[in-house]
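Written below as structure tokens is the structure these notes are about.
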Amino acid sequence: MKKENTLKIRVSPLHICLILSFLAFHLNIYAHTFFQEPAKITQTLSEFKGHVYDSSSKDPLSYVDINISGTNISTITNNEGAFLLKVPNQYLDKTIKISLLGYAKGEIPISSLKQEENKIYLDVSITQLSFVNVYGVKNAEALVKATLNKKSEFYDNDQTNMTAFYRETIKKRNKNASLSEAVLSIQKQPYSNNKNDEISLLKSRKSTDYTRLDTLALKLQGGPFSALYTDMIKYPEYIFDRNNLSDYTFTFDESTQLNNRLVYVVNFKQKKNDDEPLYYGKLYIDSQTLALTSAIYNLNLSNRTLASEMFVKKKPNNARVYPTLASYRVDYRTRNNKWYYGYGKIELTFKVNYKRKLFNNVYTLNCEMAITDWKIANEAKLTGEKLKANVILTDKASGFSDPEFWGEYNIIEPEKSIENAIKKINKQIESTNI
């Protein structure tokens with residue numbers, strides 16, 4: 001029985017999409033970089049930048065959802081709490097709604113925002129709960145089963161066309177070595193059917209400093225599909241579903257709140273007698289609907305041999321490569337009492353040991369995707385270049401230019417390290433007169 005489970009996990013599309021290819025390259029810096037004409041932001045849009053902070057600690061808050069009320073237009077704060085929101089001028093009389101797990105919901109009129117340096121503070125929500133009483137559910141595992149059974153009831157069952165921003169970075173130790181970004185169109189299938197979602201490429205840019213990667217090039221196979229497959233309600237078989245819940249132990253944690261609604265927190269981890277790499281983390285379940293609002297989880301990498309087999313597709317013969325971190329996150333949003341996929345993130349860290357070399361190399365790969373707009377479009381077809389599930393974004397994207405390249409599209413603000421890398425890239429482009 002265990003052998004069958006192990007084989008199922010190793011060929012899971014989630015892991016296939018996270019396979020790394022290690023290939024030898026000897027290219028000059030920015031060999032594939034060239035200008036693309038930036039798309040100018042039209043006069044029908046207004047931009048607002050700022051940060052979101054904890055009102056008590058004054059710490060910046062990441063993964064904060066910022067949504068224009070009455071619309072599907074949204075953005076999300078980066079790891080430094082920064083945001084950029086592009087608002088069509090016809091919506092300037094509306095408010096923005098700010099929400100984050102564990103914090104009270106905030107609402108601010110757009111008319112009160114400045115173009116730059118807005119500071120928004122959220123208050124920690126207070127949850128008083130002496131015991132868990134979930135519709136007669138007796139234990140945490142039963143609650144998770146009920147949540148998985150609810151996907152046809154409380155999740156979006158219309159086919160929708162989503163606009164998403166996707167970013168993929170590779171760092172060697174703490175320095176950016178590769179950066180790819182894209183605006184995508186996603187045809188999201190109803191949660192009630194088994195059809196896979198489709199993705200097409202609208203705009204993209206990239207730059208890779210191969211000298212910083214030495215002679216080792218890392219490629220994230222699957223790219224945007226990797227982030228999309230973190231949607232464990234649409235793709236439960238890639239993480240766990242009703243058929244393999246017995247491989248896990250589930251326990252209740254202290255509850256929290258989202259948008260002033262009670263959210264149950266369930267811890268899960270693989271049972272001790274399992275040797276194969278499975279997951280551990282937290283599920284956040286809305287108490288009113290039993291819908292999954294968020295999941296934060298990691299892959300157990302204690303068995304290095306099996307973990308390496310799951311991720312590493314090709315490598316040099318003189319190198320030993322193994323993952324040291326595999327972290328995942330998915331967040332859902334709600335509109336008209338229906339939940340839908342809103343954000344997915346993956347972080348992978350690998351150590352590369354070369355024979356007869358004293359020091360190890362450490363590489364970190366990050367990919368994240370945020371839904372920035374969507375509309376119901378049962379008959380509409382995707383625009384742009386349709387991507388395959390095994391796509392490598394760095395092979396599809398080309399060119400780099402200034403931030404205005406994205407035009408009217410909402411994006412995730414770059415963190416300072418990425419922002420500095422972008423400035424360096426643009427200086428390099430200017431100096432080479434490409």
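Chains: A, B, ... in order of the structure tokens. Residues: from 1 per chain. Ligands: from 1, in order shown.
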
Long-range neighbours of Ser200 of chain A as a PyMOL selection string, 8 Å cut-off, only C-alpha atoms, 4 positions minimum in chain: chain A and resi 184-186+382-387

How about saving the chosen residues, C-alpha atoms kept, as an mmCIF file, in the first residue's frame?
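Wrote it out as result_1.cif, contents follow:
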```cif
data_model
loop_
_atom_site.group_PDB
_atom_site.id
_atom_site.type_symbol
_atom_site.label_atom_id
_atom_site.label_comp_id
_atom_site.auth_asym_id
_atom_site.auth_seq_id
_atom_site.Cartn_x
_atom_site.Cartn_y
_atom_site.Cartn_z
ATOM 1 C CA LEU A 184 -1.228 35.955 -17.691
ATOM 2 C CA SER A 185 -4.760 35.159 -18.759
ATOM 3 C CA ILE A 186 -6.195 32.141 -16.930
ATOM 4 C CA LEU A 382 -8.120 32.760 -23.955
ATOM 5 C CA THR A 383 -6.191 35.508 -25.683
ATOM 6 C CA GLY A 384 -2.425 35.455 -26.049
ATOM 7 C CA GLU A 385 -0.093 32.499 -26.430
ATOM 8 C CA LYS A 386 -1.438 29.357 -24.760
ATOM 9 C CA LEU A 387 1.094 27.735 -22.416
#
```

Ser69 of chain A surroundings by only C-alpha atoms, 12 Å radius, close-in-sequence under 3 positions cut, as a PDB file with N, CA and C atoms, in the first residue's frame:
```pdb
ATOM      1  N   ASP A  65      -4.502  41.382   1.134  1.00  0.00           N
ATOM      2  CA  ASP A  65      -5.356  41.584  -0.038  1.00  0.00           C
ATOM      3  C   ASP A  65      -5.910  42.997  -0.032  1.00  0.00           C
ATOM      4  N   ILE A  66      -5.783  43.693  -1.160  1.00  0.00           N
ATOM      5  CA  ILE A  66      -6.342  45.027  -1.317  1.00  0.00           C
ATOM      6  C   ILE A  66      -7.262  44.995  -2.535  1.00  0.00           C
ATOM      7  N   ASN A  72     -13.771  43.254  -9.131  1.00  0.00           N
ATOM      8  CA  ASN A  72     -12.866  42.122  -8.939  1.00  0.00           C
ATOM      9  C   ASN A  72     -11.403  42.542  -9.057  1.00  0.00           C
ATOM     10  N   ILE A  73     -11.148  43.847  -9.074  1.00  0.00           N
ATOM     11  CA  ILE A  73      -9.784  44.366  -9.208  1.00  0.00           C
ATOM     12  C   ILE A  73      -9.102  44.350  -7.847  1.00  0.00           C
ATOM     13  N   SER A  74      -7.903  43.777  -7.805  1.00  0.00           N
ATOM     14  CA  SER A  74      -7.219  43.659  -6.518  1.00  0.00           C
ATOM     15  C   SER A  74      -5.717  43.576  -6.726  1.00  0.00           C
ATOM     16  N   VAL A  87      -6.028  52.039 -10.356  1.00  0.00           N
ATOM     17  CA  VAL A  87      -7.484  52.162 -10.239  1.00  0.00           C
ATOM     18  C   VAL A  87      -8.035  52.861 -11.478  1.00  0.00           C
ATOM     19  N   TYR A  91     -13.673  54.358 -10.936  1.00  0.00           N
ATOM     20  CA  TYR A  91     -13.849  53.770  -9.609  1.00  0.00           C
ATOM     21  C   TYR A  91     -13.237  54.622  -8.496  1.00  0.00           C
ATOM     22  N   LEU A  92     -12.842  55.841  -8.804  1.00  0.00           N
ATOM     23  CA  LEU A  92     -12.168  56.660  -7.797  1.00  0.00           C
ATOM     24  C   LEU A  92     -13.083  57.077  -6.648  1.00  0.00           C
ATOM     25  N   ASP A  93     -14.387  56.933  -6.817  1.00  0.00           N
ATOM     26  CA  ASP A  93     -15.314  57.274  -5.735  1.00  0.00           C
ATOM     27  C   ASP A  93     -15.599  56.087  -4.827  1.00  0.00           C
ATOM     28  N   LYS A  94     -14.956  54.954  -5.090  1.00  0.00           N
ATOM     29  CA  LYS A  94     -15.179  53.752  -4.290  1.00  0.00           C
ATOM     30  C   LYS A  94     -14.188  53.680  -3.131  1.00  0.00           C
ATOM     31  N   THR A  95     -14.289  52.617  -2.372  1.00  0.00           N
ATOM     32  CA  THR A  95     -13.362  52.374  -1.270  1.00  0.00           C
ATOM     33  C   THR A  95     -12.498  51.163  -1.595  1.00  0.00           C
ATOM     34  N   ILE A  96     -11.377  51.026  -0.891  1.00  0.00           N
ATOM     35  CA  ILE A  96     -10.599  49.797  -0.977  1.00  0.00           C
ATOM     36  C   ILE A  96     -10.809  49.011   0.308  1.00  0.00           C
ATOM     37  N   LYS A  97     -10.887  47.705   0.159  1.00  0.00           N
ATOM     38  CA  LYS A  97     -11.032  46.814   1.298  1.00  0.00           C
ATOM     39  C   LYS A  97      -9.707  46.105   1.527  1.00  0.00           C
ATOM     40  N   ILE A  98      -9.260  46.122   2.767  1.00  0.00           N
ATOM     41  CA  ILE A  98      -7.961  45.530   3.112  1.00  0.00           C
ATOM     42  C   ILE A  98      -8.208  44.377   4.065  1.00  0.00           C
ATOM     43  N   GLY A 106     -10.156  46.324   7.031  1.00  0.00           N
ATOM     44  CA  GLY A 106     -10.069  47.774   6.909  1.00  0.00           C
ATOM     45  C   GLY A 106     -10.724  48.256   5.633  1.00  0.00           C
ATOM     46  N   GLU A 107     -11.295  49.433   5.666  1.00  0.00           N
ATOM     47  CA  GLU A 107     -11.884  50.059   4.489  1.00  0.00           C
ATOM     48  C   GLU A 107     -11.462  51.528   4.444  1.00  0.00           C
ATOM     49  N   ILE A 108     -10.994  51.972   3.285  1.00  0.00           N
ATOM     50  CA  ILE A 108     -10.500  53.338   3.121  1.00  0.00           C
ATOM     51  C   ILE A 108     -11.044  53.904   1.809  1.00  0.00           C
ATOM     52  N   PRO A 109     -11.615  55.121   1.832  1.00  0.00           N
ATOM     53  CA  PRO A 109     -12.034  55.743   0.563  1.00  0.00           C
ATOM     54  C   PRO A 109     -10.816  55.988  -0.334  1.00  0.00           C
ATOM     55  N   ILE A 110     -10.949  55.665  -1.599  1.00  0.00           N
ATOM     56  CA  ILE A 110      -9.845  55.889  -2.536  1.00  0.00           C
ATOM     57  C   ILE A 110      -9.525  57.375  -2.628  1.00  0.00           C
ATOM     58  N   THR A 334     -13.229  35.934  -1.490  1.00  0.00           N
ATOM     59  CA  THR A 334     -14.665  35.690  -1.589  1.00  0.00           C
ATOM     60  C   THR A 334     -15.359  36.875  -2.243  1.00  0.00           C
ATOM     61  N   ARG A 335     -16.333  36.580  -3.069  1.00  0.00           N
ATOM     62  CA  ARG A 335     -17.168  37.607  -3.705  1.00  0.00           C
ATOM     63  C   ARG A 335     -18.541  36.993  -3.924  1.00  0.00           C
ATOM     64  N   ASN A 336     -19.580  37.696  -3.479  1.00  0.00           N
ATOM     65  CA  ASN A 336     -20.951  37.215  -3.614  1.00  0.00           C
ATOM     66  C   ASN A 336     -21.114  35.823  -2.997  1.00  0.00           C
TER      67      ASN A 336
END
```

Quick one: of A:Ile296, A:Cys367, A:Ala326, A:Leu202, who's nearest to Tyr284 of chain A, counting only C-alpha atoms?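 The answer is A:Ile296, which sits nearest to Tyr284 of chain A.
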
Can you list every residue of segment 325-373 of chain A that has an atom at most 12 Å from segment 267-280 of chain A, with its nearest atom pair and the distance in Å to one decimal, using only C-alpha atoms, ordered by chain then number, as JSON lines?
```
{"residue": "A:Leu325", "atom": "CA", "partner": "A:Tyr279", "partner_atom": "CA", "distance": 11.8}
{"residue": "A:Ala326", "atom": "CA", "partner": "A:Tyr279", "partner_atom": "CA", "distance": 9.6}
{"residue": "A:Ser327", "atom": "CA", "partner": "A:Tyr279", "partner_atom": "CA", "distance": 9.5}
{"residue": "A:Tyr328", "atom": "CA", "partner": "A:Tyr279", "partner_atom": "CA", "distance": 9.8}
{"residue": "A:Arg329", "atom": "CA", "partner": "A:Tyr280", "partner_atom": "CA", "distance": 11.9}
```

Sel. of strand (DSSP E or B) residues, segment 195-404 of chain A, as a PyMOL selection string: chain A and resi 198-208+216-221+248-258+261-270+279-286+292-299+312-314+319-335+338-354+361-376+385-386+392

Go ahead and write the selection's residues with C-alpha atoms as a short mmCIF file (atom, residue, chain, number, x, y, z; two decimals), in the first residue's frame.
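Wrote out.cif, looks like this:
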```cif
data_model
loop_
_atom_site.label_atom_id
_atom_site.label_comp_id
_atom_site.auth_asym_id
_atom_site.auth_seq_id
_atom_site.Cartn_x
_atom_site.Cartn_y
_atom_site.Cartn_z
CA GLU A 198 -5.62 26.84 -18.97
CA ILE A 199 -3.09 29.68 -19.06
CA SER A 200 -1.99 32.01 -21.84
CA LEU A 201 0.83 34.55 -21.89
CA LEU A 202 -0.11 38.22 -22.41
CA LYS A 203 3.13 40.06 -21.54
CA SER A 204 6.47 38.92 -20.15
CA ARG A 205 10.04 39.99 -19.52
CA LYS A 206 13.16 38.34 -18.12
CA SER A 207 16.82 38.73 -17.39
CA THR A 208 19.35 36.12 -16.31
CA LEU A 216 24.84 25.98 -13.63
CA ALA A 217 21.49 27.08 -14.97
CA LEU A 218 18.38 26.37 -12.93
CA LYS A 219 15.02 26.24 -14.66
CA LEU A 220 11.67 26.01 -12.95
CA GLN A 221 9.62 23.67 -15.10
CA TYR A 248 -2.02 12.45 8.10
CA THR A 249 -2.73 13.49 11.66
CA PHE A 250 -5.06 16.49 12.07
CA THR A 251 -5.42 18.63 15.20
CA PHE A 252 -7.15 21.90 16.06
CA ASP A 253 -5.07 25.02 16.70
CA GLU A 254 -6.17 28.38 18.13
CA SER A 255 -8.80 29.99 15.91
CA THR A 256 -8.39 33.34 14.17
CA GLN A 257 -10.44 35.77 12.05
CA LEU A 258 -10.66 36.95 8.45
CA ARG A 261 -15.44 36.18 10.57
CA LEU A 262 -14.27 33.28 12.68
CA VAL A 263 -11.74 30.99 11.00
CA TYR A 264 -10.84 27.55 12.33
CA VAL A 265 -7.17 26.56 12.16
CA VAL A 266 -6.23 22.91 11.58
CA ASN A 267 -2.68 21.60 11.89
CA PHE A 268 -1.74 18.61 9.76
CA LYS A 269 1.36 16.43 9.48
CA GLN A 270 2.23 13.00 8.18
CA TYR A 279 3.27 17.64 3.81
CA TYR A 280 2.80 19.47 7.09
CA GLY A 281 1.25 22.85 7.81
CA LYS A 282 -1.95 24.71 8.62
CA LEU A 283 -5.39 24.93 7.01
CA TYR A 284 -7.60 27.96 7.64
CA ILE A 285 -11.31 27.13 7.33
CA ASP A 286 -14.17 29.63 7.39
CA LEU A 292 -10.81 26.77 2.87
CA THR A 293 -9.65 30.39 3.06
CA SER A 294 -5.90 29.76 3.13
CA ALA A 295 -3.28 27.03 3.48
CA ILE A 296 0.38 27.38 4.46
CA TYR A 297 2.41 24.18 4.28
CA ASN A 298 5.80 22.57 3.67
CA LEU A 299 7.08 19.30 2.28
CA VAL A 312 15.94 17.10 -9.61
CA LYS A 313 15.60 16.12 -13.23
CA LYS A 314 19.16 16.60 -14.50
CA ALA A 319 27.33 17.45 -8.14
CA ARG A 320 25.11 16.33 -5.30
CA VAL A 321 21.87 18.32 -5.24
CA TYR A 322 19.15 18.18 -2.60
CA PRO A 323 16.32 20.46 -1.43
CA THR A 324 16.47 22.02 2.03
CA LEU A 325 13.14 23.89 1.87
CA ALA A 326 9.91 23.38 -0.05
CA SER A 327 7.31 25.87 1.15
CA TYR A 328 3.84 26.54 -0.28
CA ARG A 329 0.99 28.99 0.23
CA VAL A 330 -2.48 29.43 -1.25
CA ASP A 331 -5.04 32.12 -0.44
CA TYR A 332 -8.68 32.33 -1.49
CA ARG A 333 -10.92 35.36 -1.81
CA THR A 334 -14.66 35.69 -1.59
CA ARG A 335 -17.17 37.61 -3.70
CA LYS A 338 -18.40 32.36 -3.46
CA TRP A 339 -14.71 31.60 -2.88
CA TYR A 340 -12.10 31.55 -5.62
CA TYR A 341 -8.33 31.15 -6.00
CA GLY A 342 -6.56 34.45 -5.30
CA TYR A 343 -2.86 33.85 -4.66
CA GLY A 344 -0.28 31.07 -4.77
CA LYS A 345 3.38 31.02 -3.78
CA ILE A 346 6.20 28.46 -3.78
CA GLU A 347 9.68 28.78 -2.29
CA LEU A 348 12.36 26.15 -2.90
CA THR A 349 15.91 26.12 -1.57
CA PHE A 350 18.58 23.74 -2.86
CA LYS A 351 22.13 22.94 -1.85
CA VAL A 352 24.60 21.98 -4.55
CA ASN A 353 27.75 20.17 -3.42
CA TYR A 354 30.50 19.69 -5.99
CA ASN A 361 26.27 26.70 -3.36
CA VAL A 362 22.79 27.56 -2.13
CA TYR A 363 20.06 28.46 -4.63
CA THR A 364 16.57 29.73 -3.80
CA LEU A 365 13.71 29.68 -6.29
CA ASN A 366 10.56 31.70 -5.68
CA CYS A 367 7.43 31.88 -7.75
CA GLU A 368 4.23 33.68 -6.87
CA MET A 369 1.03 34.47 -8.72
CA ALA A 370 -1.73 36.91 -7.76
CA ILE A 371 -5.13 37.22 -9.42
CA THR A 372 -5.59 40.93 -10.15
CA ASP A 373 -8.94 40.85 -11.99
CA TRP A 374 -11.52 38.38 -13.26
CA LYS A 375 -14.85 38.14 -15.03
CA ILE A 376 -17.38 35.43 -15.75
CA GLU A 385 -0.09 32.50 -26.43
CA LYS A 386 -1.44 29.36 -24.76
CA ILE A 392 9.63 27.00 -18.63
#
```

Given the choices A:Glu413, A:Glu237, A:Glu419, A:Asp123, which gets closest to His51 of chain A if the distance is worked out from only C-alpha atoms?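 The shortest atom-to-atom distance to His51 of chain A comes from A:Glu413.
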
Interatomic distance, atom CA of Phe225 of chain A to atom CA of Lys416 of chain A (Å, one decimal): 26.0 Å

Do a neighbour search on Tyr103 of chain A at 6 Å with only C-alpha atoms, toss out local chain neighbours closer than 3 positions, and write the hits as a PyMOL selection string. chain A and resi 100+123-125

May I have the residues from that selection written out with C-alpha atoms, as a compact mmCIF listing (two decimals), in the first residue's frame?
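So the final result, stored in part_23.txt, reads:
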```txt
# COMPACT_ATOMS: atom_id res chain seq x y z
CA LEU A 100 -5.48 39.64 6.15
CA ASP A 123 -5.54 46.02 14.03
CA VAL A 124 -5.07 42.47 15.27
CA SER A 125 -8.45 40.77 15.60
```

For the atom pair atom CA of Lys355 of chain A and atom CA of Glu309 of chain A, what is the interatomic distance in Å to one decimal place? 19.5 Å
